[in-house]
Amino acid sequence: MKQKIINTLKQLTNHTYLEIVPRGNSAILSVIKLVKKKLLIPEEGGWLTYKDYPEKLNINHGFVKCENAVINLEDLKQKVKDADVFLYQNPGGYFAEQPVKEIYQICKENNCLVVLDTSGSIGTKLCDGNYADIILASFGKWKLVEARVGGFISCKDKTLFNKLELEHLNDENSLNIIEKNLNLLPERIKFLTEARSKIINDLQDFNILNKDHLGFVVVIEFNDEEKDQIINYCKKNNLEYTLCPRYIRVNKKAISIEIKRLGQ
């Protein structure tokens, strides 16, 4: 069964070397341990442990500027010169499509590894292993593959893959749950995409950030008058929401409607 899951994920990532791990965070930790000079992460639209692990492990790290969670390429060009690993998420904050080709080219010109977190894009066009040295994802709560256990990490290159200090997930019950939810992935993506489109249409008069991007939350910038209107819409439609500024979404006053928390 494990090999079947691995084969499916290899097709989705276009990577040759892949392992199932107990948690997405364990994959992130294995990547951060590769850092020799400096780790770069986005200033917004990332995941909590992008910041937490380097601080706990005393690993040199810095932030790349973003515009509504989209990587600023000019800032990346300057900062990547001193870094050897760039870790980012596509879509940023689950709502911002990233310029993956340009990011990869900039990093490769500066001998910097590109690590792409696809927890919010596995199974979509945004999960493209051609533009990442390492891909990782979580299968945790509210992720696209919502097994609530496990994750994966993959590489193009065998030598790089062998450098990773990996925990392996071999529990049959957990693997069963992952396989089930992996099979449901196309249906889940369709359901969430349709739900997002309806919300964007309903709230089209507000300032929706990156509304034309593929994503699984809706992030709306607001003024004080609009805030209550958006919250009332969420309550009326039983939609969970979070308030920003928030590192994992965007660093400005906004409401993130958490579509990815919806059940079918």
# chains A, B, ... in the order shown; residues from 1 in each chain; ligands from 1

call {"tool": "select_by_dssp", "arguments": {"residues": "region 24-54 of chain A", "states": "strand (DSSP E or B)", "output": "PyMOL selection string"}}
result
chain A and resi 39-42

call {"tool": "closest_atom_pairs", "arguments": {"of": "region 155-257 of chain A", "to": "region 99-118 of chain A", "cutoff": "12 Å", "atoms": "only C-alpha atoms", "output": "JSON lines"}}
result
{"residue": "A:Cys155", "atom": "CA", "partner": "A:Val115", "partner_atom": "CA", "distance": 9.3}
{"residue": "A:Lys156", "atom": "CA", "partner": "A:Val114", "partner_atom": "CA", "distance": 11.2}
{"residue": "A:Asp157", "atom": "CA", "partner": "A:Leu113", "partner_atom": "CA", "distance": 11.6}
{"residue": "A:Leu160", "atom": "CA", "partner": "A:Leu113", "partner_atom": "CA", "distance": 9.9}
{"residue": "A:His213", "atom": "CA", "partner": "A:Pro99", "partner_atom": "CA", "distance": 11.7}
{"residue": "A:Gly215", "atom": "CA", "partner": "A:Thr118", "partner_atom": "CA", "distance": 11.8}

call {"tool": "write_last_selection", "arguments": {"atoms": "N, CA and C atoms", "output": "compact mmCIF listing (two decimals), in the first residue's frame"}}
result
# COMPACT_ATOMS: atom_id res chain seq x y z
N CYS A 155 12.23 14.64 -3.93
CA CYS A 155 13.37 15.30 -4.57
C CYS A 155 13.49 14.87 -6.03
N LYS A 156 14.07 15.73 -6.82
CA LYS A 156 14.47 15.37 -8.18
C LYS A 156 15.72 14.49 -8.15
N ASP A 157 16.62 14.83 -7.25
CA ASP A 157 17.98 14.30 -7.26
C ASP A 157 18.21 13.31 -6.13
N LEU A 160 20.69 14.51 -3.26
CA LEU A 160 20.04 15.43 -2.33
C LEU A 160 19.08 14.68 -1.41
N HIS A 213 -6.64 34.12 -8.62
CA HIS A 213 -5.68 33.05 -8.42
C HIS A 213 -6.38 31.77 -7.98
N GLY A 215 -6.92 29.11 -5.32
CA GLY A 215 -6.71 29.14 -3.88
C GLY A 215 -7.81 28.42 -3.14

call {"tool": "closest_residue", "arguments": {"among": "A:Leu182, A:Ala137, A:Leu57, A:Ile230", "to": "Asp205 (chain A)", "atoms": "only C-alpha atoms"}}
result
A:Ile230

call {"tool": "closest_atom_pairs", "arguments": {"of": "region 36-154 of chain A", "to": "region 11-28 of chain A", "cutoff": "8 Å", "atoms": "only C-alpha atoms", "output": "Markdown table"}}
result
| residue | atom | partner | partner_atom | distance |
| --- | --- | --- | --- | --- |
| A:Thr49 | CA | A:Asn25 | CA | 7.0 |
| A:Tyr50 | CA | A:Ile28 | CA | 7.5 |
| A:Ile122 | CA | A:Leu12 | CA | 6.9 |
| A:Gly123 | CA | A:Leu12 | CA | 6.0 |
| A:Cys127 | CA | A:Thr13 | CA | 6.2 |
| A:Asp128 | CA | A:Thr13 | CA | 5.9 |
| A:Gly129 | CA | A:Thr13 | CA | 5.1 |
| A:Asn130 | CA | A:Asn14 | CA | 7.0 |
| A:Ile135 | CA | A:Thr13 | CA | 7.5 |
| A:Leu136 | CA | A:Ala27 | CA | 6.4 |
| A:Ala137 | CA | A:Gly24 | CA | 5.5 |
| A:Ser138 | CA | A:Gly24 | CA | 3.9 |
| A:Phe139 | CA | A:Gly24 | CA | 6.9 |
| A:Gly140 | CA | A:Arg23 | CA | 7.4 |
| A:Val149 | CA | A:Arg23 | CA | 6.3 |
| A:Gly150 | CA | A:Pro22 | CA | 4.2 |
| A:Gly151 | CA | A:Gly24 | CA | 4.7 |
| A:Phe152 | CA | A:Ile20 | CA | 4.4 |
| A:Ile153 | CA | A:Glu19 | CA | 5.7 |
| A:Ser154 | CA | A:Leu18 | CA | 4.1 |

call {"tool": "write_last_selection", "arguments": {"atoms": "N, CA and C atoms", "output": "CSV table (one decimal), in the first residue's frame"}}
result
chain,number,residue,atom,x,y,z
A,49,THR,N,5.9,27.0,11.3
A,49,THR,CA,7.2,26.4,11.6
A,49,THR,C,8.3,26.8,10.7
A,50,TYR,N,8.0,27.5,9.6
A,50,TYR,CA,9.1,28.2,8.8
A,50,TYR,C,9.9,29.1,9.7
A,122,ILE,N,-1.2,20.3,-3.8
A,122,ILE,CA,-1.0,19.0,-4.4
A,122,ILE,C,-2.3,18.6,-5.1
A,123,GLY,N,-2.1,18.0,-6.3
A,123,GLY,CA,-3.2,17.7,-7.1
A,123,GLY,C,-3.7,18.8,-8.1
A,127,CYS,N,1.4,22.5,-8.2
A,127,CYS,CA,2.4,21.6,-7.7
A,127,CYS,C,3.2,21.1,-8.9
A,128,ASP,N,4.3,21.7,-9.1
A,128,ASP,CA,5.1,21.5,-10.3
A,128,ASP,C,6.6,21.2,-9.9
A,129,GLY,N,7.0,19.9,-9.9
A,129,GLY,CA,8.3,19.5,-9.5
A,129,GLY,C,9.4,20.0,-10.4
A,130,ASN,N,9.1,20.5,-11.6
A,130,ASN,CA,10.1,21.0,-12.5
A,130,ASN,C,10.8,22.2,-11.9
A,135,ILE,N,10.1,19.0,-2.8
A,135,ILE,CA,8.7,19.3,-2.6
A,135,ILE,C,8.3,18.7,-1.3
A,136,LEU,N,7.4,19.3,-0.5
A,136,LEU,CA,6.9,18.7,0.7
A,136,LEU,C,5.5,19.1,0.9
A,137,ALA,N,4.7,18.4,1.7
A,137,ALA,CA,3.3,18.7,2.0
A,137,ALA,C,2.9,18.0,3.3
A,138,SER,N,1.9,18.6,3.9
A,138,SER,CA,1.3,18.0,5.1
A,138,SER,C,-0.1,17.4,4.6
A,139,PHE,N,-0.4,16.3,5.3
A,139,PHE,CA,-1.8,15.7,5.1
A,139,PHE,C,-2.6,15.9,6.3
A,140,GLY,N,-2.3,17.0,7.1
A,140,GLY,CA,-3.0,17.3,8.3
A,140,GLY,C,-4.4,17.9,8.2
A,149,VAL,N,-3.1,12.9,9.3
A,149,VAL,CA,-1.8,12.2,9.7
A,149,VAL,C,-0.9,12.2,8.5
A,150,GLY,N,0.4,12.4,8.7
A,150,GLY,CA,1.3,12.2,7.7
A,150,GLY,C,1.6,13.4,6.8
A,151,GLY,N,2.5,13.1,5.8
A,151,GLY,CA,2.9,14.1,4.8
A,151,GLY,C,3.9,13.4,3.9
A,152,PHE,N,4.5,14.2,3.1
A,152,PHE,CA,5.6,13.6,2.2
A,152,PHE,C,6.7,14.6,2.0
A,153,ILE,N,7.8,14.1,1.5
A,153,ILE,CA,8.9,14.9,1.0
A,153,ILE,C,9.4,14.3,-0.2
A,154,SER,N,9.8,15.0,-1.3
A,154,SER,CA,10.3,14.4,-2.5
A,154,SER,C,11.4,15.3,-3.1

call {"tool": "residues_around", "arguments": {"residues": "Asn170 (chain A)", "least_positions_apart": "3", "cutoff": "8 Å", "atoms": "only C-alpha atoms", "output": "PyMOL selection string"}}
result
chain A and resi 2+174-175

call {"tool": "closest_residue", "arguments": {"among": "A:Leu144, A:Leu164, A:Val35, A:Ile208", "to": "Ile259 (chain A)", "atoms": "only C-alpha atoms"}}
result
A:Leu144

call {"tool": "residues_around", "arguments": {"residues": "Lys227 (chain A)", "least_positions_apart": "2", "cutoff": "12 Å", "atoms": "only C-alpha atoms", "output": "list of chain:residue names"}}
result
A:Phe206, A:Asn207, A:Ile220, A:Glu221, A:Phe222, A:Asn223, A:Asp224, A:Glu225, A:Gln229, A:Ile230, A:Ile231, A:Asn232, A:Tyr233, A:Cys234, A:Tyr241, A:Thr242, A:Leu243, A:Cys244, A:Lys253, A:Ala254, A:Ile255, A:Ser256

call {"tool": "write_last_selection", "arguments": {"atoms": "C-alpha atoms", "output": "PDB file, in the first residue's frame"}}
result
ATOM      1  CA  PHE A 206     -15.237  44.095  -1.566  1.00  0.00           C
ATOM      2  CA  ASN A 207     -11.467  44.191  -2.061  1.00  0.00           C
ATOM      3  CA  ILE A 220     -10.618  40.266   1.903  1.00  0.00           C
ATOM      4  CA  GLU A 221      -9.043  43.561   2.882  1.00  0.00           C
ATOM      5  CA  PHE A 222     -11.473  45.733   4.827  1.00  0.00           C
ATOM      6  CA  ASN A 223     -12.142  49.078   6.437  1.00  0.00           C
ATOM      7  CA  ASP A 224     -13.970  49.327   9.769  1.00  0.00           C
ATOM      8  CA  GLU A 225     -17.402  49.577   8.159  1.00  0.00           C
ATOM      9  CA  GLN A 229     -20.537  43.151   6.832  1.00  0.00           C
ATOM     10  CA  ILE A 230     -18.036  40.425   5.936  1.00  0.00           C
ATOM     11  CA  ILE A 231     -18.298  38.774   9.355  1.00  0.00           C
ATOM     12  CA  ASN A 232     -22.106  38.796   9.173  1.00  0.00           C
ATOM     13  CA  TYR A 233     -21.888  37.121   5.744  1.00  0.00           C
ATOM     14  CA  CYS A 234     -19.652  34.410   7.215  1.00  0.00           C
ATOM     15  CA  TYR A 241     -12.957  32.957   9.254  1.00  0.00           C
ATOM     16  CA  THR A 242      -9.770  34.324  10.802  1.00  0.00           C
ATOM     17  CA  LEU A 243      -8.579  37.890  11.253  1.00  0.00           C
ATOM     18  CA  CYS A 244      -5.334  39.217   9.794  1.00  0.00           C
ATOM     19  CA  LYS A 253      -5.988  44.115   8.058  1.00  0.00           C
ATOM     20  CA  ALA A 254      -8.068  41.468   6.336  1.00  0.00           C
ATOM     21  CA  ILE A 255     -10.485  38.626   6.901  1.00  0.00           C
ATOM     22  CA  SER A 256      -9.583  35.157   5.636  1.00  0.00           C
TER      23      SER A 256
END

call {"tool": "select_by_dssp", "arguments": {"residues": "region 3-191 of chain A", "states": "helix (DSSP H, G or I)", "output": "compact mmCIF listing (two decimals) with C-alpha atoms, in the first residue's frame"}}
result
# COMPACT_ATOMS: atom_id res chain seq x y z
CA GLN A 3 4.39 2.00 -2.47
CA LYS A 4 1.07 2.67 -4.20
CA ILE A 5 0.75 5.99 -2.33
CA ILE A 6 4.34 6.86 -3.18
CA ASN A 7 3.75 6.11 -6.88
CA THR A 8 0.66 8.34 -6.93
CA LEU A 9 2.56 11.19 -5.29
CA LYS A 10 5.46 10.78 -7.71
CA GLN A 11 3.02 11.36 -10.56
CA LEU A 12 1.55 14.43 -8.85
CA THR A 13 4.97 15.96 -8.13
CA GLY A 24 4.39 17.76 7.34
CA ASN A 25 6.40 19.53 10.03
CA SER A 26 8.90 16.67 10.14
CA ALA A 27 9.51 17.24 6.42
CA ILE A 28 10.03 20.96 7.06
CA LEU A 29 12.47 20.18 9.85
CA SER A 30 14.51 17.85 7.62
CA VAL A 31 14.83 20.65 5.05
CA ILE A 32 15.85 23.29 7.60
CA LEU A 48 4.28 28.75 11.34
CA THR A 49 7.22 26.35 11.60
CA TYR A 50 9.07 28.17 8.78
CA LYS A 51 9.84 30.74 11.47
CA ASP A 52 9.67 28.64 14.63
CA TYR A 53 12.17 25.92 13.72
CA PRO A 54 15.06 28.21 12.67
CA GLU A 55 14.58 30.26 15.84
CA LYS A 56 14.58 27.15 18.05
CA LEU A 57 17.57 25.63 16.26
CA LEU A 73 11.21 38.74 -7.21
CA GLU A 74 13.42 41.82 -6.97
CA ASP A 75 13.81 41.36 -3.23
CA LEU A 76 14.51 37.66 -3.74
CA LYS A 77 17.28 38.51 -6.24
CA GLN A 78 19.05 40.58 -3.62
CA LYS A 79 18.63 38.31 -0.62
CA VAL A 80 19.26 34.95 -2.29
CA LYS A 81 22.92 35.86 -2.81
CA ASP A 82 23.62 35.06 0.84
CA VAL A 100 7.55 29.42 -9.62
CA LYS A 101 9.57 29.48 -12.86
CA GLU A 102 11.13 32.85 -12.09
CA ILE A 103 11.77 31.90 -8.46
CA TYR A 104 13.52 28.71 -9.53
CA GLN A 105 15.69 30.49 -12.10
CA ILE A 106 16.78 33.18 -9.63
CA CYS A 107 17.67 30.59 -7.00
CA LYS A 108 19.51 28.32 -9.41
CA GLU A 109 21.65 31.22 -10.63
CA GLY A 129 8.30 19.55 -9.45
CA ASN A 130 10.09 20.96 -12.48
CA TYR A 131 10.61 24.16 -10.51
CA LYS A 158 18.99 11.11 -5.45
CA THR A 159 22.09 12.62 -3.87
CA LEU A 160 20.04 15.43 -2.33
CA PHE A 161 17.35 12.99 -1.19
CA ASN A 162 19.96 10.89 0.60
CA LYS A 163 21.11 13.95 2.57
CA GLU A 172 -0.81 0.58 8.16
CA ASN A 173 -3.85 2.30 9.63
CA SER A 174 -2.39 5.74 8.92
CA LEU A 175 -1.43 4.71 5.39
CA ASN A 176 -4.98 3.45 4.80
CA ILE A 177 -6.38 6.85 5.79
CA ILE A 178 -3.88 8.65 3.56
CA GLU A 179 -4.71 6.46 0.58
CA LYS A 180 -8.44 7.04 1.06
CA ASN A 181 -8.05 10.82 1.21
CA LEU A 182 -5.59 10.86 -1.67
CA ASN A 183 -8.23 9.12 -3.79
CA LEU A 185 -8.36 14.65 -3.75
CA PRO A 186 -9.86 15.54 -7.19
CA GLU A 187 -13.36 15.64 -5.73
CA ARG A 188 -12.23 17.75 -2.77
CA ILE A 189 -10.43 20.25 -5.02
CA LYS A 190 -13.54 20.60 -7.19
CA PHE A 191 -15.80 21.11 -4.16

call {"tool": "decode", "arguments": {"residues": "region 119-191 of chain A", "atoms": "C-alpha atoms", "output": "mmCIF file, in the first residue's frame"}}
result
data_model
loop_
_atom_site.group_PDB
_atom_site.id
_atom_site.type_symbol
_atom_site.label_atom_id
_atom_site.label_comp_id
_atom_site.auth_asym_id
_atom_site.auth_seq_id
_atom_site.Cartn_x
_atom_site.Cartn_y
_atom_site.Cartn_z
ATOM 1 C CA SER A 119 0.127 21.404 1.169
ATOM 2 C CA GLY A 120 -2.345 23.735 -0.546
ATOM 3 C CA SER A 121 -1.680 22.725 -4.152
ATOM 4 C CA ILE A 122 -1.044 18.981 -4.351
ATOM 5 C CA GLY A 123 -3.241 17.667 -7.145
ATOM 6 C CA THR A 124 -3.353 21.023 -8.963
ATOM 7 C CA LYS A 125 -1.264 22.710 -11.660
ATOM 8 C CA LEU A 126 0.556 24.684 -8.937
ATOM 9 C CA CYS A 127 2.353 21.563 -7.708
ATOM 10 C CA ASP A 128 5.138 21.461 -10.292
ATOM 11 C CA GLY A 129 8.302 19.547 -9.454
ATOM 12 C CA ASN A 130 10.091 20.956 -12.484
ATOM 13 C CA TYR A 131 10.605 24.156 -10.512
ATOM 14 C CA ALA A 132 11.582 22.783 -7.115
ATOM 15 C CA ASP A 133 14.535 20.774 -5.859
ATOM 16 C CA ILE A 134 12.425 19.540 -2.949
ATOM 17 C CA ILE A 135 8.654 19.334 -2.578
ATOM 18 C CA LEU A 136 6.906 18.701 0.713
ATOM 19 C CA ALA A 137 3.343 18.701 2.015
ATOM 20 C CA SER A 138 1.256 17.977 5.064
ATOM 21 C CA PHE A 139 -1.776 15.684 5.096
ATOM 22 C CA GLY A 140 -2.990 17.253 8.349
ATOM 23 C CA LYS A 141 -6.238 18.874 9.421
ATOM 24 C CA TRP A 142 -7.748 21.257 6.827
ATOM 25 C CA LYS A 143 -5.161 20.352 4.189
ATOM 26 C CA LEU A 144 -6.122 19.238 0.668
ATOM 27 C CA VAL A 145 -5.282 15.644 1.541
ATOM 28 C CA GLU A 146 -7.054 15.746 4.896
ATOM 29 C CA ALA A 147 -5.894 12.475 6.411
ATOM 30 C CA ARG A 148 -5.027 14.248 9.693
ATOM 31 C CA VAL A 149 -1.832 12.249 9.723
ATOM 32 C CA GLY A 150 1.341 12.179 7.678
ATOM 33 C CA GLY A 151 2.860 14.099 4.817
ATOM 34 C CA PHE A 152 5.577 13.594 2.249
ATOM 35 C CA ILE A 153 8.859 14.948 0.967
ATOM 36 C CA SER A 154 10.301 14.429 -2.515
ATOM 37 C CA CYS A 155 13.371 15.301 -4.574
ATOM 38 C CA LYS A 156 14.472 15.372 -8.180
ATOM 39 C CA ASP A 157 17.976 14.298 -7.256
ATOM 40 C CA LYS A 158 18.988 11.111 -5.453
ATOM 41 C CA THR A 159 22.094 12.623 -3.866
ATOM 42 C CA LEU A 160 20.040 15.429 -2.332
ATOM 43 C CA PHE A 161 17.348 12.988 -1.189
ATOM 44 C CA ASN A 162 19.960 10.895 0.603
ATOM 45 C CA LYS A 163 21.109 13.954 2.574
ATOM 46 C CA LEU A 164 17.703 14.350 4.203
ATOM 47 C CA GLU A 165 17.278 13.078 7.764
ATOM 48 C CA LEU A 166 13.836 11.523 7.402
ATOM 49 C CA GLU A 167 11.329 9.930 9.720
ATOM 50 C CA HIS A 168 9.330 7.214 7.943
ATOM 51 C CA LEU A 169 5.630 6.555 8.333
ATOM 52 C CA ASN A 170 4.872 2.833 8.110
ATOM 53 C CA ASP A 171 1.746 2.482 10.252
ATOM 54 C CA GLU A 172 -0.806 0.577 8.159
ATOM 55 C CA ASN A 173 -3.852 2.301 9.628
ATOM 56 C CA SER A 174 -2.391 5.741 8.924
ATOM 57 C CA LEU A 175 -1.429 4.710 5.391
ATOM 58 C CA ASN A 176 -4.983 3.452 4.803
ATOM 59 C CA ILE A 177 -6.380 6.849 5.793
ATOM 60 C CA ILE A 178 -3.884 8.652 3.560
ATOM 61 C CA GLU A 179 -4.712 6.458 0.577
ATOM 62 C CA LYS A 180 -8.438 7.043 1.065
ATOM 63 C CA ASN A 181 -8.051 10.818 1.212
ATOM 64 C CA LEU A 182 -5.590 10.864 -1.671
ATOM 65 C CA ASN A 183 -8.227 9.121 -3.792
ATOM 66 C CA LEU A 184 -10.731 11.824 -2.764
ATOM 67 C CA LEU A 185 -8.360 14.646 -3.753
ATOM 68 C CA PRO A 186 -9.860 15.539 -7.194
ATOM 69 C CA GLU A 187 -13.365 15.637 -5.727
ATOM 70 C CA ARG A 188 -12.230 17.752 -2.774
ATOM 71 C CA ILE A 189 -10.426 20.248 -5.017
ATOM 72 C CA LYS A 190 -13.538 20.598 -7.186
ATOM 73 C CA PHE A 191 -15.799 21.109 -4.165
#
